[in-house]
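One file, target.txt, is given below (compact mmCIF, C-alpha atoms).
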# COMPACT_ATOMS: atom_id res chain seq x y z
CA MET Y 1 -10.14 -71.15 52.18
CA LEU Y 2 -12.74 -70.32 49.56
CA SER Y 3 -12.98 -72.73 46.63
CA VAL Y 4 -12.42 -71.51 43.07
CA GLY Y 5 -16.05 -72.26 42.23
CA LEU Y 6 -17.28 -70.17 45.15
CA ILE Y 7 -14.97 -67.28 44.25
CA LEU Y 8 -16.29 -67.27 40.67
CA PHE Y 9 -19.87 -67.45 42.00
CA LEU Y 10 -19.15 -64.43 44.22
CA ALA Y 11 -17.64 -62.65 41.20
CA VAL Y 12 -20.85 -63.07 39.20
CA LEU Y 13 -22.98 -62.11 42.23
CA GLN Y 14 -20.84 -59.02 42.93
CA GLY Y 15 -20.69 -57.94 39.29
CA ALA Y 16 -24.44 -58.31 38.81
CA THR Y 17 -25.57 -56.73 42.07
CA GLU Y 18 -23.01 -53.95 42.68
CA LEU Y 19 -24.55 -51.66 40.03
CA PHE Y 20 -28.15 -52.84 40.09
CA PRO Y 21 -30.09 -51.06 42.86
CA VAL Y 22 -30.35 -54.27 44.89
CA SER Y 23 -27.32 -54.20 47.28
CA SER Y 24 -24.33 -56.41 46.52
CA LEU Y 25 -23.38 -56.68 50.18
CA GLY Y 26 -26.94 -57.63 51.11
CA HIS Y 27 -26.81 -60.36 48.48
CA ALA Y 28 -23.40 -61.56 49.67
CA VAL Y 29 -24.85 -61.91 53.19
CA VAL Y 30 -28.34 -63.25 52.40
CA VAL Y 31 -27.93 -65.41 49.28
CA PRO Y 32 -25.27 -67.93 50.45
CA PRO Y 33 -27.32 -69.19 53.44
CA LEU Y 34 -30.46 -69.25 51.27
CA ILE Y 35 -28.88 -71.57 48.70
CA GLY Y 36 -27.05 -73.62 51.30
CA LEU Y 37 -23.48 -72.42 50.73
CA SER Y 38 -21.29 -72.96 53.77
CA PHE Y 39 -19.49 -69.66 53.52
CA ARG Y 40 -18.77 -67.08 56.19
CA GLN Y 41 -17.71 -63.47 55.75
CA SER Y 42 -15.25 -64.00 58.59
CA ASP Y 43 -13.28 -66.35 56.30
CA PRO Y 44 -9.78 -64.78 56.03
CA ALA Y 45 -9.91 -65.15 52.24
CA PHE Y 46 -13.14 -63.16 51.92
CA VAL Y 47 -11.69 -59.62 52.13
CA PRO Y 48 -8.95 -60.31 49.53
CA VAL Y 49 -11.57 -61.82 47.22
CA LEU Y 50 -13.86 -58.84 47.73
CA THR Y 51 -10.91 -56.54 47.00
CA VAL Y 52 -10.20 -58.04 43.59
CA LEU Y 53 -13.92 -58.11 42.76
CA HIS Y 54 -14.19 -54.40 43.61
CA LEU Y 55 -11.25 -53.69 41.32
CA GLY Y 56 -13.00 -55.61 38.53
CA THR Y 57 -16.24 -53.65 39.01
CA ALA Y 58 -14.41 -50.32 39.20
CA GLY Y 59 -12.50 -51.24 36.03
CA ALA Y 60 -15.78 -51.92 34.24
CA LEU Y 61 -17.14 -48.50 35.28
CA LEU Y 62 -13.94 -46.77 34.21
CA ILE Y 63 -14.13 -48.46 30.80
CA LEU Y 64 -17.84 -47.67 30.46
CA TYR Y 65 -17.28 -43.97 31.17
CA ARG Y 66 -13.65 -43.66 30.03
CA ASP Y 67 -14.23 -40.55 27.90
CA GLN Y 68 -16.26 -38.86 30.60
CA TRP Y 69 -13.68 -39.63 33.27
CA ARG Y 70 -10.95 -38.12 31.08
CA ARG Y 71 -13.02 -34.93 30.77
CA ILE Y 72 -14.03 -34.97 34.45
CA ILE Y 73 -10.43 -35.25 35.69
CA ALA Y 74 -9.24 -32.54 33.29
CA GLY Y 75 -12.23 -30.40 34.33
CA PHE Y 76 -11.43 -30.83 38.01
CA VAL Y 77 -7.80 -29.77 37.54
CA ARG Y 78 -8.79 -26.75 35.43
CA ALA Y 79 -11.49 -25.61 37.90
CA ALA Y 80 -9.28 -26.22 40.94
CA LEU Y 81 -6.46 -24.10 39.52
CA ARG Y 82 -8.75 -21.37 38.23
CA GLY Y 83 -10.90 -21.23 41.38
CA ARG Y 84 -14.05 -21.01 39.28
CA VAL Y 85 -16.30 -23.55 37.63
CA LEU Y 86 -16.93 -23.04 33.92
CA GLY Y 87 -18.66 -25.58 31.72
CA ASP Y 88 -20.44 -28.88 32.26
CA ASP Y 89 -17.37 -31.10 32.77
CA GLU Y 90 -15.97 -28.91 35.53
CA ARG Y 91 -19.39 -28.68 37.15
CA LEU Y 92 -19.81 -32.46 37.04
CA ALA Y 93 -16.32 -32.93 38.49
CA MET Y 94 -17.13 -30.68 41.45
CA MET Y 95 -20.47 -32.43 42.02
CA LEU Y 96 -18.71 -35.79 42.12
CA VAL Y 97 -16.15 -34.49 44.64
CA VAL Y 98 -18.87 -32.98 46.83
CA GLY Y 99 -21.04 -36.10 46.53
CA THR Y 100 -18.18 -38.49 47.34
CA ILE Y 101 -16.88 -36.84 50.52
CA PRO Y 102 -19.70 -37.71 53.00
CA ALA Y 103 -19.91 -41.45 52.29
CA GLY Y 104 -16.17 -41.65 51.69
CA LEU Y 105 -15.37 -40.29 55.14
CA VAL Y 106 -18.04 -42.21 57.03
CA GLY Y 107 -17.23 -45.39 55.13
CA PHE Y 108 -13.51 -45.03 55.77
CA PHE Y 109 -13.87 -44.74 59.52
CA LEU Y 110 -17.00 -46.79 60.25
CA GLU Y 111 -17.52 -49.34 57.48
CA SER Y 112 -15.83 -52.29 59.18
CA ARG Y 113 -17.64 -51.58 62.47
CA LEU Y 114 -21.01 -51.23 60.73
CA LYS Y 115 -20.43 -54.46 58.81
CA THR Y 116 -19.53 -56.26 62.04
CA LEU Y 117 -22.68 -54.95 63.71
CA PHE Y 118 -25.16 -55.37 60.88
CA ALA Y 119 -23.82 -58.06 58.52
CA THR Y 120 -26.09 -60.80 59.79
CA PRO Y 121 -28.32 -62.52 57.24
CA ARG Y 122 -31.63 -61.72 58.96
CA LEU Y 123 -30.75 -58.05 59.50
CA ALA Y 124 -29.52 -57.74 55.92
CA ALA Y 125 -32.80 -59.32 54.76
CA GLY Y 126 -34.66 -56.65 56.75
CA PHE Y 127 -32.57 -53.89 55.16
CA LEU Y 128 -33.31 -55.35 51.70
CA ILE Y 129 -37.00 -54.73 52.41
CA VAL Y 130 -36.14 -51.17 53.48
CA ASN Y 131 -34.17 -50.76 50.22
CA GLY Y 132 -37.24 -51.84 48.26
CA ALA Y 133 -39.34 -49.31 50.18
CA ILE Y 134 -36.83 -46.52 49.36
CA LEU Y 135 -37.00 -47.32 45.63
CA LEU Y 136 -40.80 -47.45 45.67
CA ALA Y 137 -41.01 -44.18 47.61
CA ALA Y 138 -38.72 -42.45 45.09
CA GLU Y 139 -40.81 -43.72 42.18
CA ALA Y 140 -44.04 -42.66 43.94
CA PHE Y 141 -42.54 -39.18 44.44
CA ARG Y 142 -41.56 -39.04 40.75
CA ARG Y 143 -45.01 -40.18 39.55
CA ARG Y 144 -46.68 -37.50 41.68
CA ASP Y 145 -44.26 -34.91 40.30
CA GLU Y 146 -44.95 -36.05 36.72
CA ARG Y 147 -48.70 -35.66 37.34
CA ARG Y 148 -48.14 -32.21 38.85
CA ARG Y 149 -46.04 -31.10 35.87
CA GLN Y 150 -48.66 -32.48 33.53
CA VAL Y 151 -51.15 -30.06 35.06
CA ALA Y 152 -48.76 -27.17 34.55
CA VAL Y 153 -47.59 -28.17 31.04
CA PRO Y 154 -49.83 -30.64 29.13
CA ALA Y 155 -47.78 -33.74 28.30
CA PRO Y 156 -48.21 -37.52 28.23
CA PRO Y 157 -48.34 -38.80 31.83
CA ALA Y 158 -46.15 -41.88 31.44
CA HIS Y 159 -42.41 -41.96 32.02
CA ARG Y 160 -41.12 -41.58 28.48
CA PRO Y 161 -37.72 -42.21 26.92
CA GLY Y 162 -35.58 -39.18 27.62
CA ASP Y 163 -37.88 -37.64 30.22
CA PRO Y 164 -37.60 -34.28 28.44
CA GLU Y 165 -38.95 -32.35 31.40
CA TYR Y 166 -36.29 -33.64 33.79
CA ALA Y 167 -32.69 -32.60 34.01
CA PRO Y 168 -29.38 -34.18 32.96
CA VAL Y 169 -26.74 -34.64 35.66
CA GLU Y 170 -24.91 -31.44 34.69
CA ARG Y 171 -27.93 -29.34 35.73
CA LEU Y 172 -27.98 -30.71 39.28
CA THR Y 173 -27.14 -28.16 41.98
CA LEU Y 174 -24.12 -28.67 44.24
CA ARG Y 175 -26.45 -28.83 47.23
CA ALA Y 176 -28.46 -31.64 45.58
CA ALA Y 177 -25.20 -33.46 44.78
CA LEU Y 178 -24.19 -33.16 48.44
CA LEU Y 179 -27.56 -34.56 49.54
CA VAL Y 180 -27.20 -37.49 47.12
CA GLY Y 181 -23.75 -38.02 48.62
CA PHE Y 182 -25.17 -38.08 52.14
CA CYS Y 183 -27.76 -40.64 51.03
CA GLN Y 184 -24.86 -42.91 50.03
CA ILE Y 185 -24.00 -43.24 53.72
CA GLY Y 186 -27.12 -45.38 54.15
CA ALA Y 187 -25.58 -47.90 51.77
CA LEU Y 188 -23.00 -48.86 54.41
CA MET Y 189 -25.78 -51.02 55.89
CA PRO Y 190 -25.79 -54.47 54.26
CA GLY Y 191 -29.04 -54.62 52.29
CA ILE Y 192 -29.23 -50.93 51.41
CA SER Y 193 -27.99 -50.46 47.86
CA ARG Y 194 -25.52 -47.67 47.08
CA SER Y 195 -26.78 -47.33 43.51
CA GLY Y 196 -30.37 -47.71 44.78
CA VAL Y 197 -30.24 -44.82 47.25
CA THR Y 198 -28.27 -42.56 44.91
CA MET Y 199 -30.64 -43.26 42.00
CA ALA Y 200 -33.63 -42.66 44.30
CA ALA Y 201 -32.11 -39.41 45.56
CA GLY Y 202 -31.30 -38.40 41.98
CA LEU Y 203 -34.93 -38.95 40.94
CA VAL Y 204 -36.16 -36.88 43.88
CA ALA Y 205 -33.64 -34.16 42.93
CA GLY Y 206 -35.22 -34.02 39.46
CA LEU Y 207 -32.89 -36.08 37.29
CA ARG Y 208 -34.09 -38.25 34.42
CA HIS Y 209 -34.04 -41.95 35.24
CA ALA Y 210 -31.09 -42.79 32.99
CA GLU Y 211 -29.25 -39.68 34.22
CA ALA Y 212 -29.84 -40.67 37.84
CA ALA Y 213 -28.23 -44.01 36.99
CA ARG Y 214 -25.30 -42.29 35.24
CA PHE Y 215 -24.70 -40.03 38.23
CA SER Y 216 -24.98 -43.03 40.55
CA PHE Y 217 -22.37 -44.97 38.54
CA LEU Y 218 -20.01 -42.00 38.29
CA LEU Y 219 -20.40 -41.38 42.03
CA ALA Y 220 -19.77 -45.04 42.82
CA THR Y 221 -16.56 -45.32 40.80
CA PRO Y 222 -14.12 -43.46 43.11
CA ILE Y 223 -15.45 -45.20 46.22
CA ILE Y 224 -15.42 -48.70 44.72
CA LEU Y 225 -11.97 -48.11 43.22
CA ALA Y 226 -10.62 -46.72 46.50
CA ALA Y 227 -12.16 -49.60 48.47
CA GLY Y 228 -10.31 -52.01 46.20
CA LEU Y 229 -6.98 -50.19 45.88
CA LEU Y 230 -6.64 -49.40 49.60
CA GLU Y 231 -7.00 -53.08 50.45
CA VAL Y 232 -4.38 -54.25 47.93
CA PRO Y 233 -1.47 -53.81 50.41
CA ASN Y 234 -3.34 -56.08 52.83
CA LEU Y 235 -3.50 -58.99 50.39
CA GLY Y 236 -1.74 -61.85 52.13
CA PRO Y 237 -1.26 -65.61 52.08
CA GLU Y 238 -5.03 -66.18 52.27
CA SER Y 239 -5.49 -64.35 48.98
CA PRO Y 240 -6.49 -66.35 45.91
CA THR Y 241 -3.72 -67.18 43.43
CA ALA Y 242 -2.94 -64.56 40.80
CA LEU Y 243 -4.73 -66.60 38.12
CA VAL Y 244 -7.92 -67.05 40.17
CA ALA Y 245 -7.85 -63.40 41.32
CA THR Y 246 -7.43 -62.12 37.77
CA GLY Y 247 -10.14 -64.44 36.49
CA ALA Y 248 -12.54 -63.39 39.24
CA ALA Y 249 -11.84 -59.67 38.70
CA VAL Y 250 -12.34 -59.97 34.94
CA LEU Y 251 -15.54 -62.00 35.43
CA ALA Y 252 -16.93 -59.46 37.95
CA GLY Y 253 -15.93 -56.64 35.59
CA VAL Y 254 -17.58 -58.20 32.53
CA VAL Y 255 -20.80 -58.94 34.44
CA ALA Y 256 -20.79 -55.42 35.92
CA TYR Y 257 -20.24 -53.87 32.47
CA VAL Y 258 -23.12 -55.84 30.95
CA SER Y 259 -25.33 -55.02 33.98
CA ALA Y 260 -24.59 -51.30 33.73
CA ARG Y 261 -25.26 -51.21 29.96
CA PHE Y 262 -28.51 -53.11 30.49
CA LEU Y 263 -29.62 -50.83 33.32
CA LEU Y 264 -28.85 -47.62 31.42
CA ARG Y 265 -30.80 -48.93 28.44
CA TYR Y 266 -33.69 -50.16 30.59
CA LEU Y 267 -33.98 -46.85 32.45
CA ARG Y 268 -34.48 -44.86 29.26
CA SER Y 269 -38.13 -45.86 29.62
CA GLY Y 270 -38.30 -48.22 32.62
CA ARG Y 271 -38.64 -47.52 36.32
CA LEU Y 272 -37.08 -48.84 39.52
CA ASP Y 273 -40.25 -50.64 40.72
CA PRO Y 274 -39.22 -54.17 39.56
CA PHE Y 275 -35.99 -53.90 41.58
CA ALA Y 276 -37.98 -52.70 44.59
CA TYR Y 277 -40.31 -55.70 44.44
CA TYR Y 278 -37.35 -58.04 43.93
CA CYS Y 279 -35.56 -56.64 47.01
CA ALA Y 280 -38.72 -56.90 49.10
CA ALA Y 281 -39.30 -60.49 47.94
CA LEU Y 282 -35.70 -61.54 48.65
CA GLY Y 283 -35.82 -59.82 52.04
CA VAL Y 284 -39.06 -61.51 53.04
CA THR Y 285 -37.75 -64.88 51.81
CA GLY Y 286 -34.59 -64.36 53.85
CA LEU Y 287 -36.51 -63.46 56.98
CA ILE Y 288 -38.70 -66.56 56.61
CA LEU Y 289 -36.06 -69.13 55.65
CA ILE Y 290 -32.91 -68.00 57.49
CA HIS Y 291 -32.75 -68.73 61.21
CA MET I 1 -11.12 -8.48 55.69
CA LYS I 2 -13.90 -9.81 53.46
CA ALA I 3 -15.88 -12.86 54.55
CA ASN I 4 -14.67 -14.94 51.57
CA GLN I 5 -11.04 -14.21 52.38
CA ALA I 6 -11.55 -15.19 56.02
CA LEU I 7 -13.14 -18.44 54.85
CA ALA I 8 -10.23 -19.06 52.48
CA ILE I 9 -7.69 -18.53 55.27
CA GLY I 10 -9.69 -20.88 57.51
CA LEU I 11 -9.63 -23.53 54.79
CA VAL I 12 -5.87 -23.15 54.36
CA ALA I 13 -5.48 -23.58 58.13
CA LEU I 14 -7.63 -26.70 57.90
CA ALA I 15 -5.40 -28.01 55.10
CA VAL I 16 -2.36 -27.51 57.33
CA VAL I 17 -4.08 -29.50 60.11
CA PHE I 18 -4.85 -32.29 57.63
CA VAL I 19 -1.21 -32.33 56.47
CA GLY I 20 -0.22 -32.62 60.12
CA PHE I 21 -2.48 -35.64 60.54
CA ALA I 22 -1.08 -37.19 57.34
CA ILE I 23 2.47 -36.83 58.66
CA PHE I 24 1.39 -38.15 62.07
CA TYR I 25 -0.14 -41.31 60.58
CA THR I 26 2.91 -41.84 58.33
CA THR I 27 5.47 -41.55 61.11
CA THR I 28 3.74 -42.87 64.25
CA ASP I 29 2.28 -46.16 65.41
CA THR I 30 -1.15 -45.14 66.68
CA GLY I 31 -4.64 -46.43 67.31
CA LEU I 32 -6.26 -43.01 66.88
CA LEU I 33 -9.41 -43.36 64.71
CA ALA I 34 -8.27 -46.89 63.85
CA ASP I 35 -8.96 -50.49 64.88
CA LYS I 36 -5.45 -51.32 66.12
CA VAL I 37 -2.14 -49.68 66.98
CA ALA I 38 -0.02 -49.58 63.83
CA ARG I 39 1.22 -47.30 61.04
CA HIS I 40 -1.95 -46.37 59.19
CA TYR I 41 -0.85 -45.34 55.72
CA LYS I 42 -4.44 -45.42 54.46
CA HIS I 43 -5.31 -42.75 57.02
CA ALA I 44 -2.31 -40.72 55.85
CA ILE I 45 -3.49 -40.92 52.23
CA LEU I 46 -7.01 -39.88 53.28
CA PHE I 47 -5.80 -36.83 55.21
CA ALA I 48 -3.45 -35.84 52.38
CA GLY I 49 -6.42 -35.99 50.01
CA LEU I 50 -8.52 -33.90 52.39
CA ALA I 51 -5.69 -31.34 52.58
CA VAL I 52 -5.68 -31.02 48.77
CA LEU I 53 -9.47 -30.61 48.71
CA SER I 54 -9.28 -27.95 51.43
CA LEU I 55 -6.75 -25.99 49.37
CA VAL I 56 -8.98 -26.28 46.31
CA ALA I 57 -11.94 -25.03 48.35
CA ALA I 58 -9.78 -22.17 49.69
CA ASN I 59 -8.89 -21.19 46.12
CA PHE I 60 -12.59 -21.10 45.24
CA ALA I 61 -13.42 -19.03 48.32
CA TRP I 62 -10.59 -16.56 47.71
CA ARG I 63 -11.57 -15.85 44.09
CA ARG I 64 -15.29 -15.78 44.71
CA PRO I 65 -16.95 -12.33 44.47
CA ALA I 66 -17.35 -10.83 47.96
CA LEU I 67 -20.56 -11.63 49.82
CA SER I 68 -20.40 -8.48 51.92
Could you take the file, read its structure, and then write that structure out as structure tokens?
Amino acid sequence: MLSVGLILFLAVLQGATELFPVSSLGHAVVVPPLIGLSFRQSDPAFVPVLTVLHLGTAGALLILYRDQWRRIIAGFVRAALRGRVLGDDERLAMMLVVGTIPAGLVGFFLESRLKTLFATPRLAAGFLIVNGAILLAAEAFRRRDERRRQVAVPAPPAHRPGDPEYAPVERLTLRAALLVGFCQIGALMPGISRSGVTMAAGLVAGLRHAEAARFSFLLATPIILAAGLLEVPNLGPESPTALVATGAAVLAGVVAYVSARFLLRYLRSGRLDPFAYYCAALGVTGLILIH
Amino acid sequence: MKANQALAIGLVALAVVFVGFAIFYTTTDTGLLADKVARHYKHAILFAGLAVLSLVAANFAWRRPALS
């Protein structure tokens, strides 16, 4: 049985790392052995705890984008009945559907098997390094593209707030949304971040940094929410008490909300490089210290 | 028959198959595409969702201007 302190620690860890491009699952596998916590993912209480934490994180995303989700759902219903997409909300709704299907299907059928195969601390540490490399590669691609555009249209070379030459999410093509969705499949490996790969793919597809983060968060919401809700019927006697579960979900949600707001603000002018170096450093540390 | 209409009919047929799977998982203990033999209501929900999406896609294909 997990202690209350450990559950609250996992809530903070989950809330902080689920939306940052640093892999929450990788952290849940690598960090406990690094700081000497005697905790195993095979503990029967772990899945129920993870379920309530997912619900907290999904709740934070729904609150953060509540107005957009209202418009997206209405847009989806309108477009589905009409059989044609008109307007930005309907377009965004269809992109989210198309982008969610690949990882949703693969995750549904293979996630538990992949976790069983790959959720070892050393392997997750290795994937954290790969995650860092993906973020750096995406930023290198973007820098090269910015230099190329500068040649075509004279403009300051640095990544500027707003990235006026790059697109908002609503201008993404359906094919690009599908490709971003396929990239999400990689995040089933512990250590590869869902938000990391989708933000990286969004940058490569030509989105502004903050828009890539917005698309990543919107894309993550249905999957995180479904992952939580579908496990609710399986909550059993090993589950934490209602008070602890509610507290952990709220804590994860609050931390996730603050993390998302921070990240969206940071990415108005910042890049993903610091997260890449952090992932690489944690991965290397894990490979060295965990045996 | 136009290509879009054929695609739409194919998608409706796919939706029917998905509905069949949803009913199968709701009514039968099975280990098909699952870890253990049991009633897999989560699978049923998934296939019901896929059926709805197939019908939506069929509606788009049917109303789309003809390709040929």
* **Interface list for chain Y, partner chain I, 8 Å threshold, all atoms listed in the file, as a list in words** =>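 Residues of chain Y within 8 Å of chain I, counting all atoms listed in the file: Ala80, Leu81, Arg82, Gly83, Arg84, Phe109 and Leu230 of chain Y.
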| Contacts of Gly59 (chain Y) at 10 Å or less, counting all atoms listed in the file, minus same-chain residues fewer than 5 places along, as a list of chain:residue names? | Y:Leu53, Y:His54, Y:Leu64, Y:Tyr65, Y:Arg66, Y:Thr221, Y:Ile224, Y:Leu225, Y:Ala249, Y:Val250, Y:Ala252, Y:Gly253, Y:Val254, Y:Ala256, Y:Tyr257
Ranking Y:Phe127, Y:Tyr166, Y:Tyr266, Y:Phe217 by minimum distance to Met199 (chain Y) and counting all atoms listed in the file, which one comes first?
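Among the listed residues, Y:Phe217 lies closest to Met199 (chain Y).
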Query - Point-to-point distance in Å for CA of Leu251 (chain Y) and CA of Phe9 (chain Y) - result: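 Calculated distance between CA of Phe9 (chain Y) and CA of Leu251 (chain Y) is 9.6 Å.
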Residues near Phe141 (chain Y), cut-off 12 Å, only C-alpha atoms, skip fewer than 6 positions along chain, as a VMD selection string: chain Y and resid 134 to 135 147 to 148 200 to 206
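Interatomic distance, CA of Thr120 (chain Y) against CA of Gly247 (chain Y): 28.5 Å.
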- CA of Gly228 (chain Y) to CA of Thr51 (chain Y), straight-line distance in Å: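 Answer for the CA of Thr51 (chain Y) to CA of Gly228 (chain Y) separation: 4.6 Å.
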Practice problem: Excluding region 20-24 of chain I and any residue of its chain fewer than 3 positions from it, enumerate the residues within 6 Å of it, using only C-alpha atoms, and give them as a list in words. | Solution: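 Returned residues: Val17, Thr27, Thr28, Ala44, Phe47 and Ala48 of chain I.
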If we count only C-alpha atoms and set the cut-off at 12 Å, which residues sit around Arg91 (chain Y), ignoring sequence neighbours fewer than 2 positions away in its own chain? Please answer as a ChimeraX atom specification. /Y:71-80,84-89,93-98,169-174,177
